[in-house]
file final.tsv (TSV, C-alpha atoms)
chain	number	residue	atom	x	y	z
P	1	MET	CA	0.00	0.00	0.00
P	2	PHE	CA	2.80	2.39	0.85
P	3	LEU	CA	4.52	1.60	-2.41
P	4	ARG	CA	1.35	2.30	-4.34
P	5	LYS	CA	0.95	5.74	-2.68
P	6	THR	CA	4.55	6.53	-3.28
P	7	LYS	CA	4.30	5.60	-6.92
P	8	GLY	CA	1.07	7.61	-7.26
P	9	ALA	CA	2.63	10.62	-5.61
P	10	THR	CA	5.68	10.36	-7.82
P	11	ALA	CA	3.54	10.19	-10.95
P	12	ALA	CA	1.52	13.19	-9.80
P	13	SER	CA	4.70	15.12	-9.08
P	14	LEU	CA	6.07	14.32	-12.50
P	15	ALA	CA	2.84	15.41	-14.15
P	16	LEU	CA	2.85	18.64	-12.16
P	17	PHE	CA	6.49	19.25	-13.05
P	18	ALA	CA	5.75	18.70	-16.73
P	19	ALA	CA	2.79	21.04	-16.60
P	20	LEU	CA	4.88	23.70	-14.88
P	21	ALA	CA	7.62	23.24	-17.43
P	22	LEU	CA	5.17	23.63	-20.29
P	23	ALA	CA	3.64	26.69	-18.69
P	24	SER	CA	7.09	28.14	-18.16
P	25	SER	CA	7.98	27.47	-21.80
P	26	ALA	CA	4.76	29.13	-22.94
P	27	VAL	CA	5.52	32.20	-20.85
P	28	VAL	CA	9.03	32.35	-22.25
P	29	ALA	CA	7.70	31.94	-25.79
P	30	ALA	CA	5.10	34.65	-25.23
P	31	GLN	CA	7.77	36.95	-23.83
P	32	GLU	CA	9.95	36.29	-26.86
P	33	ILE	CA	7.04	37.10	-29.21
P	34	VAL	CA	6.39	40.36	-27.36
P	35	GLN	CA	10.09	41.18	-27.46
P	36	ASP	CA	10.28	40.36	-31.18
P	37	GLU	CA	7.20	42.45	-31.89
P	38	GLY	CA	8.66	45.28	-29.90
P	39	ALA	CA	11.89	45.06	-31.87
P	40	ALA	CA	9.95	45.10	-35.14
P	41	TYR	CA	8.01	48.14	-33.97
P	42	ARG	CA	11.18	49.94	-32.91
P	43	ALA	CA	12.75	49.24	-36.31
P	44	TRP	CA	9.84	51.04	-37.93
P	45	HIS	CA	9.75	53.80	-35.32
P	46	ASP	CA	13.46	54.57	-35.56
P	47	ALA	CA	13.40	54.71	-39.37
P	48	SER	CA	10.30	56.88	-39.31
P	49	GLN	CA	11.80	59.29	-36.81
P	50	ALA	CA	14.97	59.48	-38.88
P	51	GLY	CA	12.94	60.48	-41.92
P	52	ASP	CA	14.05	57.42	-43.90
P	53	ASN	CA	10.73	56.75	-45.62
P	54	ALA	CA	11.98	53.84	-47.71
P	55	LYS	CA	13.42	52.04	-44.67
P	56	ALA	CA	10.34	52.83	-42.60
P	57	LEU	CA	8.06	51.43	-45.31
P	58	ALA	CA	10.07	48.23	-45.45
P	59	ALA	CA	9.99	47.91	-41.65
P	60	ALA	CA	6.25	48.60	-41.52
P	61	LYS	CA	5.61	46.00	-44.20
P	62	GLU	CA	7.69	43.42	-42.31
P	63	TYR	CA	5.88	44.21	-39.06
P	64	LEU	CA	2.43	43.82	-40.62
P	65	GLU	CA	3.40	40.55	-42.30
P	66	LYS	CA	4.64	39.06	-39.02
P	67	TYR	CA	2.14	40.64	-36.63
P	68	PRO	CA	-1.07	41.42	-38.57
P	69	THR	CA	-3.05	41.55	-35.31
P	70	GLY	CA	-0.25	42.93	-33.14
P	71	GLN	CA	-0.73	45.70	-30.62
P	72	TYR	CA	0.68	48.29	-33.02
P	73	ALA	CA	-0.90	46.88	-36.20
P	74	ASP	CA	-3.82	49.32	-36.55
P	75	PHE	CA	-1.59	52.34	-36.06
P	76	ILE	CA	1.07	51.12	-38.48
P	77	LYS	CA	-1.54	50.22	-41.09
P	78	LYS	CA	-2.80	53.81	-41.11
P	79	TRP	CA	0.73	55.18	-41.30
P	80	TYR	CA	1.67	52.70	-44.01
P	81	GLY	CA	-1.19	53.72	-46.32
P	82	ALA	CA	-0.37	57.43	-46.01
P	83	ALA	CA	3.35	56.79	-46.42
P	84	GLN	CA	2.78	54.77	-49.59
P	85	MET	CA	0.82	57.64	-51.12
P	86	THR	CA	3.66	59.99	-50.18
P	87	ALA	CA	6.16	57.65	-51.80
P	88	LEU	CA	3.98	57.47	-54.93
P	89	ASP	CA	3.73	61.26	-55.15
P	90	ALA	CA	7.50	61.58	-54.79
P	91	ALA	CA	8.14	59.00	-57.53
P	92	ILE	CA	5.73	60.82	-59.84
P	93	LYS	CA	7.30	64.23	-59.22
P	94	GLU	CA	10.81	62.86	-59.71
P	95	LYS	CA	9.74	60.87	-62.79
P	96	ARG	CA	10.98	57.57	-61.36
P	97	THR	CA	8.63	55.41	-63.39
P	98	ALA	CA	9.82	52.02	-62.12
P	99	ASP	CA	9.39	53.10	-58.48
P	100	MET	CA	6.05	54.70	-59.30
P	101	ILE	CA	4.75	51.45	-60.76
P	102	THR	CA	6.12	49.35	-57.86
P	103	VAL	CA	4.55	51.52	-55.17
P	104	GLY	CA	1.36	51.88	-57.18
P	105	ARG	CA	0.96	48.13	-57.48
P	106	GLU	CA	1.48	47.74	-53.72
P	107	ILE	CA	-1.30	50.25	-53.07
P	108	LEU	CA	-3.58	48.55	-55.58
P	109	ALA	CA	-2.92	45.17	-54.00
P	110	ARG	CA	-4.91	46.27	-50.96
P	111	ASP	CA	-7.15	48.79	-52.76
P	112	PRO	CA	-7.68	47.51	-56.33
P	113	GLU	CA	-10.40	50.04	-57.15
P	114	ASN	CA	-8.36	53.12	-56.27
P	115	LEU	CA	-9.18	55.13	-59.40
P	116	ASN	CA	-6.87	58.00	-58.45
P	117	VAL	CA	-3.88	55.67	-58.32
P	118	LEU	CA	-4.79	53.87	-61.54
P	119	TYR	CA	-5.27	57.15	-63.38
P	120	ALA	CA	-2.05	58.65	-62.00
P	121	LEU	CA	-0.02	55.62	-63.06
P	122	ALA	CA	-1.46	55.52	-66.58
P	123	PHE	CA	-1.34	59.27	-67.15
P	124	ASN	CA	2.24	59.69	-65.98
P	125	ILE	CA	3.57	56.76	-68.04
P	126	ARG	CA	1.87	58.45	-71.01
P	127	ARG	CA	3.34	61.87	-70.25
P	128	ASN	CA	6.84	60.83	-69.22
P	129	GLU	CA	7.45	57.95	-71.63
P	130	LEU	CA	4.90	57.36	-74.39
P	131	LEU	CA	4.82	61.04	-75.41
P	132	ALA	CA	8.32	62.04	-74.33
P	133	ALA	CA	10.66	63.68	-76.86
P	134	ALA	CA	12.64	60.44	-76.80
P	135	SER	CA	9.64	58.16	-76.43
P	136	SER	CA	9.80	54.81	-74.69
P	137	PHE	CA	7.17	52.09	-74.80
P	138	ALA	CA	8.84	49.73	-72.33
P	139	ASN	CA	6.08	50.38	-69.81
P	140	ALA	CA	3.27	50.64	-72.37
P	141	PRO	CA	1.79	47.27	-71.29
P	142	ALA	CA	1.51	48.56	-67.73
P	143	ALA	CA	-0.07	51.79	-68.96
P	144	VAL	CA	-2.62	49.79	-70.95
P	145	GLU	CA	-3.36	47.58	-67.94
P	146	PHE	CA	-3.95	50.56	-65.65
P	147	SER	CA	-5.97	52.40	-68.31
P	148	ARG	CA	-8.31	49.49	-68.95
P	149	LYS	CA	-8.97	49.04	-65.23
P	150	ALA	CA	-9.56	52.77	-64.80
P	151	ILE	CA	-11.91	52.90	-67.80
P	152	ALA	CA	-13.98	50.05	-66.37
P	153	LEU	CA	-14.27	51.86	-63.02
P	154	VAL	CA	-15.22	55.20	-64.60
P	155	GLU	CA	-17.82	53.55	-66.83
P	156	SER	CA	-19.26	51.85	-63.75
P	157	GLY	CA	-19.78	55.25	-62.12
P	158	LYS	CA	-16.64	55.72	-60.05
P	159	THR	CA	-15.11	59.22	-60.01
P	160	LEU	CA	-11.73	60.73	-59.22
P	161	THR	CA	-11.58	62.13	-55.71
P	162	GLY	CA	-10.03	65.45	-54.78
P	163	VAL	CA	-10.86	67.21	-58.06
P	164	ALA	CA	-13.01	70.32	-58.21
P	165	ALA	CA	-15.21	69.00	-61.03
P	166	PHE	CA	-14.85	65.49	-62.36
P	167	ASP	CA	-15.16	65.32	-66.16
P	168	LYS	CA	-16.10	61.76	-67.01
P	169	ASN	CA	-15.73	62.10	-70.78
P	170	ALA	CA	-12.40	63.90	-70.63
P	171	THR	CA	-11.05	61.27	-68.24
P	172	LEU	CA	-12.16	58.48	-70.56
P	173	ALA	CA	-10.68	60.37	-73.52
P	174	TRP	CA	-7.23	60.54	-71.90
P	175	LEU	CA	-7.31	56.87	-70.94
P	176	THR	CA	-8.53	55.77	-74.36
P	177	GLN	CA	-5.77	57.80	-75.99
P	178	ILE	CA	-3.23	55.76	-74.02
P	179	LEU	CA	-4.70	52.57	-75.50
P	180	ALA	CA	-4.48	54.13	-78.97
P	181	LEU	CA	-0.84	55.15	-78.50
P	182	SER	CA	0.12	51.62	-77.53
P	183	GLU	CA	-1.90	50.06	-80.35
P	184	ALA	CA	-0.33	52.39	-82.91
P	185	LYS	CA	3.15	51.42	-81.73
P	186	SER	CA	2.89	47.66	-81.61
P	187	GLY	CA	-0.59	46.63	-82.64
P	188	SER	CA	-2.99	47.17	-85.50
P	189	PRO	CA	-3.09	50.60	-87.21
P	190	ALA	CA	-6.79	50.06	-87.92
P	191	ASP	CA	-7.50	49.36	-84.24
P	192	ALA	CA	-5.37	52.36	-83.25
P	193	ILE	CA	-7.43	54.60	-85.54
P	194	THR	CA	-10.65	53.30	-83.97
P	195	LEU	CA	-9.31	54.08	-80.49
P	196	TYR	CA	-8.07	57.54	-81.49
P	197	GLU	CA	-11.47	58.34	-83.00
P	198	LYS	CA	-13.23	57.13	-79.87
P	199	SER	CA	-10.97	59.28	-77.71
P	200	THR	CA	-11.68	62.31	-79.91
P	201	SER	CA	-15.43	61.73	-79.76
P	202	LEU	CA	-15.27	61.92	-75.97
P	203	ALA	CA	-13.55	65.34	-75.95
P	204	PRO	CA	-14.02	66.81	-79.45
P	205	ASN	CA	-13.25	70.40	-78.45
P	206	ASP	CA	-10.19	69.78	-76.28
P	207	PRO	CA	-7.01	70.75	-78.20
P	208	GLN	CA	-4.84	68.65	-75.89
P	209	ILE	CA	-6.81	65.53	-76.78
P	210	ALA	CA	-8.50	66.01	-80.14
P	211	ALA	CA	-5.61	67.72	-81.93
P	212	ARG	CA	-3.13	64.98	-81.02
P	213	ASN	CA	-5.62	62.27	-81.93
P	214	LEU	CA	-6.49	63.78	-85.30
P	215	LEU	CA	-2.85	64.30	-86.20
P	216	ALA	CA	-2.06	60.70	-85.21
P	217	VAL	CA	-4.86	59.41	-87.44
P	218	VAL	CA	-3.60	61.60	-90.29
P	219	THR	CA	-0.17	60.00	-89.91
P	220	LEU	CA	-1.55	56.46	-89.83
P	221	ARG	CA	-3.83	56.99	-92.81
P	222	GLN	CA	-1.09	58.71	-94.78
P	223	ALA	CA	1.15	55.67	-94.26
P	224	LYS	CA	-1.65	53.34	-95.39
P	225	TYR	CA	-2.37	55.50	-98.40
P	226	GLY	CA	1.31	55.35	-99.35
P	227	GLU	CA	1.28	51.56	-99.18
P	228	LEU	CA	-1.83	51.29	-101.35
P	229	ALA	CA	-0.52	53.82	-103.86
P	230	LYS	CA	2.71	51.87	-104.17
P	231	ALA	CA	0.80	48.64	-104.73
P	232	TYR	CA	-1.46	50.24	-107.35
P	233	ASN	CA	1.40	51.89	-109.21
P	234	ALA	CA	3.27	48.57	-109.28
P	235	LEU	CA	0.58	47.16	-111.59
P	236	PRO	CA	1.33	47.34	-115.34
P	237	GLU	CA	0.58	50.78	-116.74
P	238	ALA	CA	-1.39	49.28	-119.60
P	239	ASP	CA	-3.67	47.49	-117.16
P	240	ARG	CA	-4.20	50.67	-115.16
P	241	ALA	CA	-5.05	52.65	-118.30
P	242	ALA	CA	-7.38	50.02	-119.77
P	243	ALA	CA	-10.98	51.06	-120.45
P	244	GLU	CA	-12.15	47.90	-118.71
P	245	PRO	CA	-9.64	47.26	-115.92
P	246	LYS	CA	-9.00	43.77	-114.67
P	247	PRO	CA	-10.63	42.82	-111.34
P	248	GLU	CA	-7.35	43.07	-109.44
P	249	VAL	CA	-6.70	46.54	-110.88
P	250	LYS	CA	-10.20	47.72	-109.99
P	251	ALA	CA	-9.85	46.33	-106.46
P	252	ALA	CA	-6.52	48.09	-105.98
P	253	LYS	CA	-7.93	51.36	-107.32
P	254	ASP	CA	-11.03	51.14	-105.13
P	255	ALA	CA	-8.91	50.48	-102.05
P	256	LEU	CA	-6.68	53.46	-102.89
P	257	ASN	CA	-9.65	55.77	-103.42
P	258	ALA	CA	-11.31	54.65	-100.21
P	259	GLU	CA	-8.17	55.37	-98.22
P	260	ALA	CA	-7.77	58.71	-100.02
P	261	ASP	CA	-11.31	59.66	-99.00
P	262	ALA	CA	-10.63	58.70	-95.38
P	263	LEU	CA	-7.35	60.62	-95.39
P	264	ILE	CA	-8.98	63.71	-96.91
P	265	ASP	CA	-11.69	63.58	-94.26
P	266	VAL	CA	-9.39	63.39	-91.24
P	267	ALA	CA	-6.84	65.83	-92.67
P	268	ALA	CA	-9.62	68.34	-93.34
P	269	ARG	CA	-10.88	67.85	-89.79
P	270	PHE	CA	-7.41	68.53	-88.42
P	271	VAL	CA	-6.88	71.62	-90.58
P	272	ALA	CA	-10.30	73.02	-89.66
P	273	PHE	CA	-9.74	72.25	-85.99
P	274	GLY	CA	-6.21	73.67	-86.08
P	275	LYS	CA	-7.35	76.95	-87.60
P	276	SER	CA	-10.29	77.34	-85.22
P	277	LYS	CA	-8.16	76.52	-82.14
P	278	ASN	CA	-5.03	78.41	-83.25
P	279	LEU	CA	-2.79	75.37	-83.27
P	280	PRO	CA	0.84	75.87	-84.42
P	281	PRO	CA	0.52	77.33	-87.95
P	282	ALA	CA	3.48	75.36	-89.33
P	283	THR	CA	1.86	72.04	-88.40
P	284	VAL	CA	-1.53	73.06	-89.74
P	285	GLU	CA	0.00	74.25	-93.02
P	286	ARG	CA	2.05	71.08	-93.43
P	287	VAL	CA	-1.10	68.95	-93.13
P	288	ASN	CA	-3.00	71.35	-95.40
P	289	GLN	CA	-0.41	71.00	-98.16
P	290	MET	CA	-0.58	67.23	-97.94
P	291	LEU	CA	-4.38	67.46	-97.96
P	292	GLU	CA	-4.38	69.48	-101.18
P	293	THR	CA	-1.99	67.03	-102.84
P	294	ILE	CA	-4.15	64.02	-101.97
P	295	TYR	CA	-7.33	65.86	-102.98
P	296	LYS	CA	-5.91	66.81	-106.38
P	297	GLY	CA	-4.93	63.21	-107.01
P	298	ARG	CA	-8.35	61.98	-106.01
P	299	PHE	CA	-10.34	64.66	-107.84
P	300	PRO	CA	-8.17	65.96	-110.69
P	301	GLU	CA	-11.21	67.54	-112.33
P	302	ASP	CA	-11.57	70.05	-109.45
P	303	ALA	CA	-8.74	72.36	-110.50
P	304	THR	CA	-9.85	75.25	-108.29
P	305	LEU	CA	-10.29	73.03	-105.21
P	306	ASP	CA	-13.81	74.32	-104.68
P	307	GLY	CA	-14.86	70.93	-103.40
P	308	LEU	CA	-12.06	70.94	-100.82
P	309	LYS	CA	-13.00	74.44	-99.69
P	310	LYS	CA	-16.53	73.22	-99.08
P	311	VAL	CA	-15.23	70.21	-97.17
P	312	LEU	CA	-13.16	72.48	-94.92
P	313	ALA	CA	-16.09	74.80	-94.37
P	314	ASP	CA	-18.29	71.85	-93.43
P	315	LYS	CA	-15.64	70.77	-90.91
P	316	GLY	CA	-15.76	74.18	-89.25
P	317	ALA	CA	-12.75	75.92	-90.75
P	318	PRO	CA	-12.93	79.71	-90.32
P	319	ALA	CA	-13.72	81.65	-93.48
P	320	GLN	CA	-10.61	82.98	-95.18

call {"tool": "encode", "arguments": {"input": "final.tsv", "output": "structure tokens"}}
result
Amino acid sequence: MFLRKTKGATAASLALFAALALASSAVVAAQEIVQDEGAAYRAWHDASQAGDNAKALAAAKEYLEKYPTGQYADFIKKWYGAAQMTALDAAIKEKRTADMITVGREILARDPENLNVLYALAFNIRRNELLAAASSFANAPAAVEFSRKAIALVESGKTLTGVAAFDKNATLAWLTQILALSEAKSGSPADAITLYEKSTSLAPNDPQIAARNLLAVVTLRQAKYGELAKAYNALPEADRAAAEPKPEVKAAKDALNAEADALIDVAARFVAFGKSKNLPPATVERVNQMLETIYKGRFPEDATLDGLKKVLADKGAPAQ
């Protein structure tokens, strides 16, 4: 009986010891977690106080990944969001496109419908790269991605915040122009023309949008017209002069005339718009000279260009 009690007591003691050991380990582990969290917080705090925004952002991100429900998590989350916007603004002002895109994507990861961020990313890639003097289309795919997402949000009713008066059509026009720029560079000229025309239709009286779009379409159609003219002129002269042209000659001529008509239309629109909006005279005159050349080739019987004058008047060109 004594032995049984002794053995029972020993077993109980061992169980108690084990429980105490586990409790002690849990306390130690909890203390270590608190200490680690405190160290992570101090890493952010010290960098923030030192004004090292990049280091503070990295420390805040690390803290939130390790301690999403930590005692400082709510505070750091608020700081982190504001700091990211500050970092984005700085990257935009300093034209650091790669950093702008990186920070922008981080913001969008937690706020995918942030129209202001999407618009800022697309617009600044357009301004700083796609339309730069020495243009670059390395980030055009990103600009297209951001533009498409922004267009979908605007069309669903979302508006830019912090602007005095949100202009839905103008915003869509800018974003659609970005799609057109990319398509003209590496896609289909026909699709680019469709996008440019859509952009113009959204802001037909805005020189910053419509003038650039019209001139771009003039350039694209002029290139197409040149290709078709070359193909037509490559046909035997006798076939081209025949009273009853062969089917392939007629098809080539019809295609050339159709493109000439389209080129005359858009060139006349640009010239009329340029004169009414006082666009650079040299550019307007250059397009006007090309317009007259194409018109004369298309309508050789109109020696006085009366038909062209009427076209320009119909497009809104001021009376001369």

call {"tool": "residues_around", "arguments": {"input": "final.tsv", "residues": "region 147-161 of chain P", "least_positions_apart": "4", "cutoff": "8 Å", "atoms": "only C-alpha atoms", "output": "VMD selection string"}}
result
chain P and resid 113 115 to 116 118 to 119 122 143 166 168 172 175 to 176 178 to 179

call {"tool": "closest_residue", "arguments": {"input": "final.tsv", "among": "P:Ser48, P:Ser186, P:Gln222, P:Thr171", "to": "Ala120 (chain P)", "atoms": "all atoms listed in the file"}}
result
P:Thr171

call {"tool": "closest_residue", "arguments": {"input": "final.tsv", "among": "P:Ser199, P:Thr102, P:Thr283, P:Asn139", "to": "Ile125 (chain P)", "atoms": "only C-alpha atoms"}}
result
P:Asn139

call {"tool": "atom_distance", "arguments": {"input": "final.tsv", "atom1": "CA of Leu235 (chain P)", "atom2": "CA of Ser188 (chain P)"}}
result
26.3 Å

call {"tool": "residues_around", "arguments": {"input": "final.tsv", "residues": "region 73-84 of chain P", "least_positions_apart": "6", "cutoff": "9 Å", "atoms": "only C-alpha atoms", "output": "list in words"}}
result
Tyr41, Trp44, Asn53, Ala56, Leu57, Ala60, Lys61, Tyr63, Leu64, Tyr67, Val103, Gly104, Glu106 and Ile107 of chain P

call {"tool": "closest_residue", "arguments": {"input": "final.tsv", "among": "P:Ala223, P:Ala140, P:Val284, P:Ala260", "to": "Ala211 (chain P)", "atoms": "all atoms listed in the file"}}
result
P:Val284

call {"tool": "atom_distance", "arguments": {"input": "final.tsv", "atom1": "CA of Pro318 (chain P)", "atom2": "CA of Gln177 (chain P)"}}
result
27.1 Å

call {"tool": "closest_residue", "arguments": {"input": "final.tsv", "among": "P:Thr194, P:Ala262, P:Pro189, P:Ala170", "to": "Ile209 (chain P)", "atoms": "all atoms listed in the file"}}
result
P:Ala170

call {"tool": "atom_distance", "arguments": {"input": "final.tsv", "atom1": "CA of Lys246 (chain P)", "atom2": "CA of Lys230 (chain P)"}}
result
17.7 Å

call {"tool": "closest_residue", "arguments": {"input": "final.tsv", "among": "P:Asn205, P:Tyr232, P:Ala59, P:Arg105", "to": "Asp46 (chain P)", "atoms": "only C-alpha atoms"}}
result
P:Ala59

call {"tool": "closest_residue", "arguments": {"input": "final.tsv", "among": "P:Val271, P:Leu279, P:Ala231, P:Ala164", "to": "Ala255 (chain P)", "atoms": "only C-alpha atoms"}}
result
P:Ala231

call {"tool": "residues_near_point", "arguments": {"input": "final.tsv", "point": "(8.5, 51.5, -75.6)", "cutoff": "12 Å", "atoms": "all atoms listed in the file", "output": "PyMOL selection string"}}
result
chain P and resi 125-126+128-132+134-143+181-186

call {"tool": "residues_near_point", "arguments": {"input": "final.tsv", "point": "(-16.3, 65.4, -74.7)", "cutoff": "6 Å", "atoms": "all atoms listed in the file", "output": "list in words"}}
result
Asn169, Ala170, Leu202, Ala203 and Pro204 of chain P
